[in-house]
Amino acid sequence: MLSRFMSGSIRNLEREYSCTVRLLDDTEYTCTIQRDAKGQYLFDLICHHLNLLEKDYFGIRYVDPDKQRHWLEFTKSIAKQMKSQPPFTMCLRVKFYPPDPAALKEEITRYLVFLQIKRDLYHGRLLCKTSDAAMLAAHILQAEIGDYDPGKHPEGYSSKFQFFPKHSEKLERRIADIHKTELIGQTPETSERNFLQKAQMLETYGVDPHPCKDVSGNPAFLAFTPFGFVVLQGNKRVHFLKWNEVTKLKFEGKTFHIYANQKEIILTYFAPTPEACKHLWKCGVENQAFYKLEKSSQVRTVSSSNLFFKGSRFRYSGRVAKEVMEQSAKIKREPPEIHRAGLVPSRSCPSITHGPRLSSVPRTRRRAVHISIMEGLESLRDSAHSTPVRSVSHGESFMPRSRSQATDASDGTAVISDEAYSPSDSVLPTPVAEHSMELTVSRQINGAPCSIEEEKESEAGTPMRGEGGDFVASAQEGAGGDSALSEVEQVNKFVLSVLRLLLVTIGLLFVLLLLLIILTESDLDIAFLRDIRQTPEFEQFHYEYFCPLRRWFACKLRWVGGLLINK
């Protein structure tokens with residue numbers, strides 16, 4: 001624990017830090033940043049590397065030692081935001097989903113959003129019915145392996161790739177049929193655009209779920225989409241509020257409140273930890289500002305509490321959606337080249353890479369990530385007892401969503417699937433349980449790829465290799481240190497809150513005292529002021545302190561006035 005407290009001072013001695021950012025195609029961009037470099041500098045480096053101009057939709061995400069996800073704030077120093085020691089590891093992800101992704105100006109932007117939605121589809125964050133699922137997967141096949149070729153694609157070739165957390169042989173055959181017959185001749189750009197148009201109409205498009213519980217203790221997922229705030233519970237969307245209906249977002253500790261102007265609705269949910277609740281609140285503030293406001297000049301600093309001396313303050317820094325679209329319309333350049341690579345099937349382990357490579361840079365390390373679904377599902381089933389979210393499961397039939405449903409629903413309730421919405425374990429911001437760690441270690445020793453944990457560990461920057469006993473011991477020791485540190489942080493926050501309240505109280509008392517002195521020394525003829533003036537204490541204060549102080553101020557004013565006249 002002492003080393004954790006000393007880590008800040010150790011970092012301050014270093015002039016440069018190594019920073020690795022995993023891109024949406026699972027390649028890694030490594031660079032060196034200065035000690036005082038801000039998040040905007042790193043983000044601009046990545047966008048320059050990708051030749052990306054429509055960059056306002058994207059952000060950099062990192063995971064702290066407590067497995068809590070955060071978005072890197074561009075206006076603050078990177079080193080001060082990171083709670084871990086360098087080298088730093090982060091991920092480039094879509095932060096604000098475009099309301100109409102197929103209408104994005106440049107192909108490179110649509111391609112990166114395509115990669116993100118493909119990840120959402122695989123991890124269970126994007127739900128769809130069977131017919132839509134088959135069409136989406138067929139578009140992915142067409143975009144990344146091209147037209148069907150009997151010589152290259154034998155019978156059952158679609159089963160070699162994994163597009164969803166779980167699917168049946170019937171769905172695999174349907175994917176292959178669509179790819180063979182309906183998509184012939186489509187270019188990768190056309191297939192990606194059609195994929196985006198299809199995904200955009202799904203109920204859970206743009207959902208980055210935050211696991212919470214309602215007032216009854218039932219698990220739920222809160223999310224912010226381009227169209228508003230949604231709550232997913234079981235197999236239903238139980239609440240939907242348009243952005244113009246949301247008036248305030250507040251949090252205190254683990255409790256999160258959403259205020260709406262429609263019949264004064266107040267929704268209350270409970271996050272797993274105070275840090276998770278604060279992250280949820282900050283995401284809501286940023287999404288509301290991005291999608292609701294007309295100009296970035298309208299952005300205001302938001303407080304998490306109704307009391308000005310208590311709570312957190314946060315301000316969204318960046319352009320809003322309307323400004324981004326207006327700026328995109330002004331882009332005039334030759335479309336940048338996109339380097340795509342095909343899917344990599346494997347008979348021994350059905351897997352899929354998360355996307356092709358964009359380009360090559362000397363400082364970029366490339367690593368294809370193969371995701372083993374059967375292993376991932378086993379790990380989720382084993383860890384279900386230690387996490388509030390169940391393992392991923394998609395049924396054969398889901399309810400579709402139309403844009404009219406998303407924007408015109410009066411009560412916000414809609415059935416989204418036949419089974420409960422439960423995205424993969426990688427979305428959980430809570431620490432991994434001990435028995436889940438042991439399972440991961442045993443799988444790593446046996447040489448099996450770690451699917452669900454791989455994304456979480458890559459964002460956290462923690463190694464998954466090594467001796468099993470040492471890994472578990474160090475993990476348990478780190479978990480103890482992190483919990484102790486979180487308790488210290490909570491105590492510090494409480495002390496700061498008390499000190500802030502004390503300072504405000506002293507300030508108010510001082511102002512009231514000055515006001516009372518001015519009133520008693522004035523000519524106001526009020527009964528209680530006459531009583532105060534007649535007391536011996538006031539007469540002593542008046543002749544010994546107030547009159548000399550008044551004469552001193554008058555002398556100084558005359559002296560300053562004389563200097564001004566002489567000049």
# chains A, B, ... in the order shown; residues from 1 in each chain; ligands from 1
call {"tool": "residues_around", "arguments": {"residues": "segment 110-125 of chain A", "least_positions_apart": "5", "cutoff": "6 Å", "atoms": "only C-alpha atoms", "output": "number ranges by chain"}}
result
A: 163-165, 423-424
call {"tool": "residues_around", "arguments": {"residues": "Ala260 of chain A", "least_positions_apart": "5", "cutoff": "10 Å", "atoms": "only C-alpha atoms", "output": "list in words"}}
result
Leu241, Lys242, Trp243, Asn244, Glu245, Val246, Thr247, Lys248, Leu249, Ile265, Ile266 and Leu267 of chain A
call {"tool": "closest_residue", "arguments": {"among": "A:Arg69, A:Lys166, A:His239, A:Arg193", "to": "Cys283 of chain A", "atoms": "only C-alpha atoms"}}
result
A:Arg69
call {"tool": "residues_around", "arguments": {"residues": "Lys95 of chain A", "least_positions_apart": "6", "cutoff": "7 Å", "atoms": "only C-alpha atoms", "output": "PyMOL selection string"}}
result
chain A and resi 57-59
call {"tool": "atom_distance", "arguments": {"atom1": "atom CA of Val94 of chain A", "atom2": "atom CA of Ile46 of chain A"}}
result
13.4 Å
call {"tool": "atom_distance", "arguments": {"atom1": "atom CA of Gly146 of chain A", "atom2": "atom CA of Glu337 of chain A"}}
result
18.0 Å
call {"tool": "closest_residue", "arguments": {"among": "A:Phe270, A:Leu501, A:Ile175, A:Thr181", "to": "Asn218 of chain A", "atoms": "only C-alpha atoms"}}
result
A:Phe270
call {"tool": "atom_distance", "arguments": {"atom1": "atom CA of Phe74 of chain A", "atom2": "atom CA of Gln40 of chain A"}}
result
4.3 Å
call {"tool": "closest_residue", "arguments": {"among": "A:Ser304, A:Gly228, A:Thr268, A:Glu294", "to": "Lys250 of chain A", "atoms": "only C-alpha atoms"}}
result
A:Ser304
call {"tool": "select_by_dssp", "arguments": {"residues": "segment 79-255 of chain A", "states": "alpha helix (DSSP H)", "output": "VMD selection string"}}
result
chain A and resid 79 to 81 107 to 123 130 to 145 169 to 181 188 to 200
call {"tool": "select_by_dssp", "arguments": {"residues": "segment 239-298 of chain A", "states": "strand (DSSP E)", "output": "PyMOL selection string"}}
result
chain A and resi 239-242+246-252+255-260+265-270
call {"tool": "closest_residue", "arguments": {"among": "A:Val238, A:Ala133, A:His139, A:Leu222", "to": "Thr190 of chain A", "atoms": "only C-alpha atoms"}}
result
A:His139
call {"tool": "residues_around", "arguments": {"residues": "Val302 of chain A", "least_positions_apart": "6", "cutoff": "8 Å", "atoms": "only C-alpha atoms", "output": "mmCIF file with N, CA, C and O atoms, in the first residue's frame"}}
result
data_model
loop_
_atom_site.group_PDB
_atom_site.id
_atom_site.type_symbol
_atom_site.label_atom_id
_atom_site.label_comp_id
_atom_site.auth_asym_id
_atom_site.auth_seq_id
_atom_site.Cartn_x
_atom_site.Cartn_y
_atom_site.Cartn_z
ATOM 1 N N VAL A 285 -23.716 13.675 -18.278
ATOM 2 C CA VAL A 285 -23.528 15.111 -18.503
ATOM 3 C C VAL A 285 -22.954 15.364 -19.891
ATOM 4 O O VAL A 285 -23.403 16.253 -20.625
ATOM 5 N N ARG A 313 -17.973 18.779 -9.473
ATOM 6 C CA ARG A 313 -18.299 19.711 -10.554
ATOM 7 C C ARG A 313 -17.615 19.218 -11.820
ATOM 8 O O ARG A 313 -16.483 18.766 -11.785
ATOM 9 N N PHE A 314 -18.340 19.334 -12.916
ATOM 10 C CA PHE A 314 -17.809 18.820 -14.182
ATOM 11 C C PHE A 314 -18.348 19.661 -15.328
ATOM 12 O O PHE A 314 -19.495 20.121 -15.288
ATOM 13 N N ARG A 315 -17.509 19.845 -16.336
ATOM 14 C CA ARG A 315 -17.904 20.625 -17.504
ATOM 15 C C ARG A 315 -17.462 19.885 -18.756
ATOM 16 O O ARG A 315 -16.291 19.507 -18.882
#
